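Here the structure comes first, spelled out in structure tokens, and everything after it is commentary.
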Amino acid sequence: MAGLVPDPATDILGIIDVQPTFMPGGELAVEGGDQVVPAINRLLGGPFAHAFATQDWHPAGHSSFASSHPGKKPFEVVQMPYGQQVLWPDHGIQGSPNAELHKDLAQARIELIVRKGFRREIDSYSAFFENDRRTTTGLHGWLQARGLRRLFLAGLATDYCVAYSAEDAARLGYQVFVIEDACRGIGLPAEGGTTIDLAKRNLAAAGVQFVTSAAFG
């Protein structure tokens with residue numbers, strides 16, 4: 001797809017969890033995670049007039065941390081009251097330098113920062129809902145109030161927070177695009193390949209479109 005021209009009346013760039021905690025040297029590093037910053041900055045400096053960002057913002061001892069479950073290791077899966085939960089290394093700790101948005105991210109056009117995962121008892125991947133799939137972040141109402149209907153998502157990680165945000169946005173009636181070269185994924189083993197493969201199949205089935213930044217000319 002080429003020749004996409006974002007309409008400032010209806011379109012917005014969603015920047016998902018571009019935080020050092022998810023980049024090389026961080027607590028939950030995504031391979032090549034730091035490479036999304038220049039790609040996103042090009043989008044912020046060019047075609048997009050509006051942007052929002054999300055930020056993982058966990059209290060110490062969060063229930064999604066393996067360290068909160070004696071005998072468990074990161075990436076094991078446990079049952080929570082709201083369903084299955086992957087256990088993660090401690091990351092995105094409130095107030096820590098690695099939980100901040102990356103210092104090189106051009107933030108002038110970021111109009112809203114959605115902090116998620118701040119409730120100790122529940123994790124939150126999506127920009128729209130926490131993992132119980134009922135508790136909202138308020139983002140949907142904010143977008144509706146501004147008449148924004150087309151979402152372009154970038155950031156970390158393709159197979160978790162980007163994917164959950166994209167799927168929820170499509171379910172809520174938005175037209176959704178994932179900008180692949182402005183994302184990086186974790187890629188845990190999954191049925192039929194990796195969690196990245198699985199996420200892309202699920203998103204395509206939900207009507208989410210995949211583009212690259214070259215589509216904006």
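To be explicit about the labels: the chains of the structure tokens are called A, B, and onward in the order shown, and within each one the residues are counted from 1, while ligands get numbers from 1 in the order they are shown.
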Next item on the list: With a distance cut-off of 7 Å and only C-alpha atoms, select the neighbouring residues of range 126-137 of chain A, excluding the residue or stretch itself and same-chain residues fewer than 3 positions from it, and output the selection as a PyMOL selection string.
Entry: chain A and resi 54+82+122-123+140+161+164-165+168
Next item on the list: Can you list, as a ChimeraX atom specification, all residues belonging to range 33-171 of chain A that DSSP tags as alpha helix (DSSP H)?
Entry: /A:36-45,139-145,163-171
Item checked: Nearest to Gln144 in chain A, chosen from A:Val37, A:Pro189, A:Leu172, A:Gln85, with only C-alpha atoms counted in the distances -> A:Leu172
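Among the candidates A:Pro8, A:Leu143, A:Gly61, A:Gly32, the residue lying nearest to Arg109 in chain A is A:Pro8 (atoms considered: only C-alpha atoms).
Nearest residue to Glu76 in chain A, choosing from A:Val36, A:Ala49, A:Leu188, A:Phe118 and counting only C-alpha atoms: A:Leu188.
Distance annotation: of A:Met80, A:Ala99, A:Ala60, A:Ile110, the residue with the minimal separation from Gly26 in chain A is A:Ala99; atom set is only C-alpha atoms.
Residue nearest Glu167 in chain A, chosen from A:His69, A:Lys200, A:His91, A:Arg42 and counting only C-alpha atoms: A:Lys200.
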Note to self: Report as a PyMOL selection string all protein, DNA and RNA residues lying within 6 Å of range 62-67 of chain A, evaluated on only C-alpha atoms, omitting residues in the same chain fewer than 4 positions from it.
What the structure shows: chain A and resi 72-74+87-90+120-121
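Rounded to one decimal, CA of Ile12 in chain A and CA of Ser96 in chain A lie 28.1 Å from each other.
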Next item on the list: Tell me, as a VMD selection string, which residues lie within 9 Å of Asp159 in chain A, counting only C-alpha atoms; anything in the same chain fewer than 2 positions away does not count.
Entry: chain A and resid 156 to 157 161 to 164 184 to 188 194 to 200
File dump, residues just selected, C-alpha atoms, as a PDB file, in the first residue's frame:
ATOM      1  CA  LEU A 156       6.605  -2.235  21.338  1.00  0.00           C
ATOM      2  CA  ALA A 157       5.933  -5.009  21.207  1.00  0.00           C
ATOM      3  CA  CYS A 161       0.843  -4.410  23.497  1.00  0.00           C
ATOM      4  CA  VAL A 162       0.722  -3.327  19.840  1.00  0.00           C
ATOM      5  CA  ALA A 163      -1.333  -6.388  18.876  1.00  0.00           C
ATOM      6  CA  TYR A 164      -3.781  -6.103  21.767  1.00  0.00           C
ATOM      7  CA  ARG A 184       9.529  -4.742  17.059  1.00  0.00           C
ATOM      8  CA  GLY A 185       8.293  -7.961  18.653  1.00  0.00           C
ATOM      9  CA  ILE A 186       9.257 -10.391  21.416  1.00  0.00           C
ATOM     10  CA  GLY A 187       8.659 -13.587  19.434  1.00  0.00           C
ATOM     11  CA  LEU A 188       8.000 -16.272  22.045  1.00  0.00           C
ATOM     12  CA  THR A 194       6.079 -17.441  17.150  1.00  0.00           C
ATOM     13  CA  THR A 195       3.833 -15.043  19.022  1.00  0.00           C
ATOM     14  CA  ILE A 196       4.588 -12.503  16.256  1.00  0.00           C
ATOM     15  CA  ASP A 197       3.258 -14.900  13.594  1.00  0.00           C
ATOM     16  CA  LEU A 198       0.197 -15.643  15.698  1.00  0.00           C
ATOM     17  CA  ALA A 199      -0.493 -11.959  16.342  1.00  0.00           C
ATOM     18  CA  LYS A 200      -0.255 -11.085  12.660  1.00  0.00           C
TER      19      LYS A 200
END
Item checked: Separation of CA of Ala190 in chain A from CA of Ala204 in chain A, in Å and rounded to one decimal -> 17.1 Å
For the structure I just gave you, how does DSSP split range 102-185 of chain A - specifically, which residues are strand (DSSP E)? Reply as an mmCIF file with all heavy atoms, in the first residue's frame.
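Wrote result-v9.cif, looks like this:
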data_model
loop_
_atom_site.group_PDB
_atom_site.id
_atom_site.type_symbol
_atom_site.label_atom_id
_atom_site.label_comp_id
_atom_site.auth_asym_id
_atom_site.auth_seq_id
_atom_site.Cartn_x
_atom_site.Cartn_y
_atom_site.Cartn_z
ATOM 1 N N ILE A 110 2.672 14.616 20.709
ATOM 2 C CA ILE A 110 1.982 13.650 21.575
ATOM 3 C C ILE A 110 1.031 14.426 22.487
ATOM 4 O O ILE A 110 1.456 15.192 23.351
ATOM 5 C CB ILE A 110 2.986 12.822 22.393
ATOM 6 C CG1 ILE A 110 3.855 11.976 21.458
ATOM 7 C CG2 ILE A 110 2.246 11.923 23.384
ATOM 8 C CD1 ILE A 110 4.942 11.193 22.160
ATOM 9 N N GLU A 111 -0.256 14.231 22.274
ATOM 10 C CA GLU A 111 -1.274 14.999 22.977
ATOM 11 C C GLU A 111 -1.795 14.305 24.230
ATOM 12 O O GLU A 111 -2.396 14.940 25.086
ATOM 13 C CB GLU A 111 -2.442 15.270 22.019
ATOM 14 C CG GLU A 111 -2.011 16.063 20.788
ATOM 15 C CD GLU A 111 -3.057 16.097 19.701
ATOM 16 O OE1 GLU A 111 -4.147 15.496 19.896
ATOM 17 O OE2 GLU A 111 -2.808 16.708 18.659
ATOM 18 N N LEU A 112 -1.584 12.990 24.327
ATOM 19 C CA LEU A 112 -2.083 12.224 25.467
ATOM 20 C C LEU A 112 -1.115 11.092 25.761
ATOM 21 O O LEU A 112 -0.623 10.439 24.838
ATOM 22 C CB LEU A 112 -3.466 11.636 25.137
ATOM 23 C CG LEU A 112 -4.079 10.717 26.198
ATOM 24 C CD1 LEU A 112 -4.554 11.526 27.406
ATOM 25 C CD2 LEU A 112 -5.238 9.919 25.619
ATOM 26 N N ILE A 113 -0.823 10.868 27.042
ATOM 27 C CA ILE A 113 -0.066 9.695 27.477
ATOM 28 C C ILE A 113 -0.970 8.851 28.353
ATOM 29 O O ILE A 113 -1.497 9.330 29.364
ATOM 30 C CB ILE A 113 1.202 10.099 28.247
ATOM 31 C CG1 ILE A 113 2.156 10.890 27.327
ATOM 32 C CG2 ILE A 113 1.914 8.860 28.793
ATOM 33 C CD1 ILE A 113 3.362 11.469 28.042
ATOM 34 N N VAL A 114 -1.190 7.621 27.934
ATOM 35 C CA VAL A 114 -2.040 6.679 28.667
ATOM 36 C C VAL A 114 -1.134 5.761 29.472
ATOM 37 O O VAL A 114 -0.362 4.980 28.906
ATOM 38 C CB VAL A 114 -2.908 5.848 27.701
ATOM 39 C CG1 VAL A 114 -3.731 4.821 28.474
ATOM 40 C CG2 VAL A 114 -3.808 6.749 26.874
ATOM 41 N N ARG A 115 -1.216 5.856 30.791
ATOM 42 C CA ARG A 115 -0.454 4.957 31.650
ATOM 43 C C ARG A 115 -1.301 3.730 31.971
ATOM 44 O O ARG A 115 -2.468 3.858 32.354
ATOM 45 C CB ARG A 115 -0.023 5.686 32.920
ATOM 46 C CG ARG A 115 1.119 6.650 32.664
ATOM 47 C CD ARG A 115 1.510 7.439 33.887
ATOM 48 N NE ARG A 115 2.789 8.108 33.683
ATOM 49 C CZ ARG A 115 3.301 9.002 34.520
ATOM 50 N NH1 ARG A 115 2.639 9.327 35.625
ATOM 51 N NH2 ARG A 115 4.473 9.556 34.267
ATOM 52 N N LYS A 116 -0.708 2.561 31.799
ATOM 53 C CA LYS A 116 -1.465 1.320 31.966
ATOM 54 C C LYS A 116 -0.679 0.342 32.837
ATOM 55 O O LYS A 116 0.533 0.457 32.978
ATOM 56 C CB LYS A 116 -1.787 0.700 30.607
ATOM 57 C CG LYS A 116 -0.603 0.430 29.717
ATOM 58 C CD LYS A 116 -1.041 0.076 28.309
ATOM 59 C CE LYS A 116 0.136 -0.259 27.412
ATOM 60 N NZ LYS A 116 0.901 -1.433 27.812
ATOM 61 N N ARG A 150 -9.283 6.770 12.529
ATOM 62 C CA ARG A 150 -8.312 5.915 11.858
ATOM 63 C C ARG A 150 -7.014 5.946 12.660
ATOM 64 O O ARG A 150 -6.437 7.012 12.878
ATOM 65 C CB ARG A 150 -8.095 6.399 10.422
ATOM 66 C CG ARG A 150 -7.551 5.332 9.512
ATOM 67 C CD ARG A 150 -7.779 5.624 8.031
ATOM 68 N NE ARG A 150 -7.007 6.751 7.542
ATOM 69 C CZ ARG A 150 -6.541 6.850 6.294
ATOM 70 N NH1 ARG A 150 -6.787 5.882 5.420
ATOM 71 N NH2 ARG A 150 -5.869 7.918 5.919
ATOM 72 N N LEU A 151 -6.571 4.767 13.103
ATOM 73 C CA LEU A 151 -5.423 4.649 13.999
ATOM 74 C C LEU A 151 -4.267 3.971 13.276
ATOM 75 O O LEU A 151 -4.437 2.940 12.625
ATOM 76 C CB LEU A 151 -5.781 3.826 15.232
ATOM 77 C CG LEU A 151 -6.345 4.569 16.446
ATOM 78 C CD1 LEU A 151 -7.622 5.311 16.084
ATOM 79 C CD2 LEU A 151 -6.597 3.592 17.579
ATOM 80 N N PHE A 152 -3.084 4.550 13.439
ATOM 81 C CA PHE A 152 -1.840 3.985 12.917
ATOM 82 C C PHE A 152 -0.958 3.709 14.123
ATOM 83 O O PHE A 152 -0.611 4.634 14.864
ATOM 84 C CB PHE A 152 -1.176 4.978 11.973
ATOM 85 C CG PHE A 152 -1.969 5.263 10.726
ATOM 86 C CD1 PHE A 152 -3.032 6.161 10.761
ATOM 87 C CD2 PHE A 152 -1.667 4.635 9.528
ATOM 88 C CE1 PHE A 152 -3.774 6.439 9.614
ATOM 89 C CE2 PHE A 152 -2.405 4.903 8.380
ATOM 90 C CZ PHE A 152 -3.457 5.798 8.422
ATOM 91 N N LEU A 153 -0.604 2.438 14.338
ATOM 92 C CA LEU A 153 0.083 2.051 15.565
ATOM 93 C C LEU A 153 1.539 1.688 15.299
ATOM 94 O O LEU A 153 1.872 1.038 14.303
ATOM 95 C CB LEU A 153 -0.627 0.864 16.218
ATOM 96 C CG LEU A 153 -2.077 1.109 16.652
ATOM 97 C CD1 LEU A 153 -2.653 -0.145 17.289
ATOM 98 C CD2 LEU A 153 -2.176 2.287 17.617
ATOM 99 N N ALA A 154 2.397 2.091 16.228
ATOM 100 C CA ALA A 154 3.821 1.801 16.165
ATOM 101 C C ALA A 154 4.310 1.564 17.585
ATOM 102 O O ALA A 154 3.675 1.984 18.554
ATOM 103 C CB ALA A 154 4.575 2.967 15.526
ATOM 104 N N GLY A 155 5.448 0.873 17.722
ATOM 105 C CA GLY A 155 6.050 0.730 19.048
ATOM 106 C C GLY A 155 6.333 -0.696 19.440
ATOM 107 O O GLY A 155 6.661 -1.550 18.611
ATOM 108 N N LEU A 156 6.170 -0.987 20.734
ATOM 109 C CA LEU A 156 6.605 -2.235 21.338
ATOM 110 C C LEU A 156 5.516 -2.840 22.218
ATOM 111 O O LEU A 156 4.828 -2.102 22.917
ATOM 112 C CB LEU A 156 7.857 -1.974 22.186
ATOM 113 C CG LEU A 156 9.023 -1.268 21.465
ATOM 114 C CD1 LEU A 156 10.086 -0.839 22.467
ATOM 115 C CD2 LEU A 156 9.615 -2.149 20.388
ATOM 116 N N GLN A 175 -10.650 2.071 11.941
ATOM 117 C CA GLN A 175 -9.823 1.503 10.886
ATOM 118 C C GLN A 175 -8.398 1.535 11.403
ATOM 119 O O GLN A 175 -7.915 2.593 11.836
ATOM 120 C CB GLN A 175 -9.948 2.309 9.592
ATOM 121 C CG GLN A 175 -9.228 1.667 8.411
ATOM 122 C CD GLN A 175 -9.422 2.425 7.110
ATOM 123 O OE1 GLN A 175 -10.017 3.509 7.090
ATOM 124 N NE2 GLN A 175 -8.917 1.885 6.021
ATOM 125 N N VAL A 176 -7.724 0.394 11.362
ATOM 126 C CA VAL A 176 -6.457 0.256 12.083
ATOM 127 C C VAL A 176 -5.348 -0.211 11.142
ATOM 128 O O VAL A 176 -5.535 -1.135 10.350
ATOM 129 C CB VAL A 176 -6.590 -0.747 13.245
ATOM 130 C CG1 VAL A 176 -5.308 -0.764 14.079
ATOM 131 C CG2 VAL A 176 -7.791 -0.412 14.119
ATOM 132 N N PHE A 177 -4.199 0.436 11.288
ATOM 133 C CA PHE A 177 -2.998 0.079 10.551
ATOM 134 C C PHE A 177 -1.866 -0.127 11.552
ATOM 135 O O PHE A 177 -1.714 0.652 12.493
ATOM 136 C CB PHE A 177 -2.595 1.193 9.587
ATOM 137 C CG PHE A 177 -3.619 1.521 8.542
ATOM 138 C CD1 PHE A 177 -4.687 2.359 8.846
ATOM 139 C CD2 PHE A 177 -3.514 1.015 7.257
ATOM 140 C CE1 PHE A 177 -5.637 2.682 7.882
ATOM 141 C CE2 PHE A 177 -4.461 1.331 6.288
ATOM 142 C CZ PHE A 177 -5.520 2.165 6.597
ATOM 143 N N VAL A 178 -1.051 -1.157 11.334
ATOM 144 C CA VAL A 178 0.182 -1.356 12.091
ATOM 145 C C VAL A 178 1.342 -1.032 11.161
ATOM 146 O O VAL A 178 1.445 -1.594 10.057
ATOM 147 C CB VAL A 178 0.290 -2.793 12.625
ATOM 148 C CG1 VAL A 178 1.669 -3.046 13.220
ATOM 149 C CG2 VAL A 178 -0.785 -3.055 13.678
ATOM 150 N N ILE A 179 2.205 -0.120 11.596
ATOM 151 C CA ILE A 179 3.353 0.300 10.790
ATOM 152 C C ILE A 179 4.520 -0.616 11.160
ATOM 153 O O ILE A 179 5.206 -0.413 12.170
ATOM 154 C CB ILE A 179 3.675 1.780 11.038
ATOM 155 C CG1 ILE A 179 2.425 2.642 10.819
ATOM 156 C CG2 ILE A 179 4.814 2.232 10.108
ATOM 157 C CD1 ILE A 179 2.588 4.097 11.234
ATOM 158 N N GLU A 180 4.761 -1.625 10.334
ATOM 159 C CA GLU A 180 5.628 -2.730 10.725
ATOM 160 C C GLU A 180 7.068 -2.318 10.992
ATOM 161 O O GLU A 180 7.697 -2.828 11.931
ATOM 162 C CB GLU A 180 5.600 -3.822 9.658
ATOM 163 C CG GLU A 180 4.271 -4.560 9.575
ATOM 164 C CD GLU A 180 4.379 -5.815 8.746
ATOM 165 O OE1 GLU A 180 4.772 -6.857 9.304
ATOM 166 O OE2 GLU A 180 4.080 -5.761 7.537
ATOM 167 N N ASP A 181 7.626 -1.421 10.177
ATOM 168 C CA ASP A 181 9.033 -1.058 10.386
ATOM 169 C C ASP A 181 9.216 -0.109 11.564
ATOM 170 O O ASP A 181 10.356 0.193 11.940
ATOM 171 C CB ASP A 181 9.641 -0.474 9.115
ATOM 172 C CG ASP A 181 8.928 0.780 8.626
ATOM 173 O OD1 ASP A 181 7.688 0.827 8.724
ATOM 174 O OD2 ASP A 181 9.603 1.712 8.135
ATOM 175 N N ALA A 182 8.122 0.340 12.166
ATOM 176 C CA ALA A 182 8.186 1.163 13.373
ATOM 177 C C ALA A 182 7.772 0.356 14.604
ATOM 178 O O ALA A 182 7.420 0.924 15.631
ATOM 179 C CB ALA A 182 7.307 2.391 13.218
ATOM 180 N N CYS A 183 7.811 -0.977 14.479
ATOM 181 C CA CYS A 183 7.489 -1.899 15.578
ATOM 182 C C CYS A 183 8.595 -2.952 15.687
ATOM 183 O O CYS A 183 9.296 -3.237 14.725
ATOM 184 C CB CYS A 183 6.167 -2.631 15.326
ATOM 185 S SG CYS A 183 4.695 -1.608 15.225
ATOM 186 N N ARG A 184 8.704 -3.558 16.853
ATOM 187 C CA ARG A 184 9.529 -4.742 17.059
ATOM 188 C C ARG A 184 8.764 -5.670 17.997
ATOM 189 O O ARG A 184 7.976 -5.205 18.837
ATOM 190 C CB ARG A 184 10.893 -4.396 17.669
ATOM 191 C CG ARG A 184 11.799 -3.565 16.770
ATOM 192 C CD ARG A 184 12.260 -4.296 15.528
ATOM 193 N NE ARG A 184 13.215 -3.510 14.758
ATOM 194 C CZ ARG A 184 12.879 -2.586 13.860
ATOM 195 N NH1 ARG A 184 11.598 -2.318 13.628
ATOM 196 N NH2 ARG A 184 13.822 -1.926 13.206
#
Next item on the list: Point out the residue among A:Leu148, A:Gln84, A:Ala214, A:Asp104 with the least atom-to-atom distance to Gln35 in chain A, counting only C-alpha atoms.
Entry: A:Asp104
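From CA of Phe216 in chain A back to CA of Pro47 in chain A, the distance works out to 7.0 Å.
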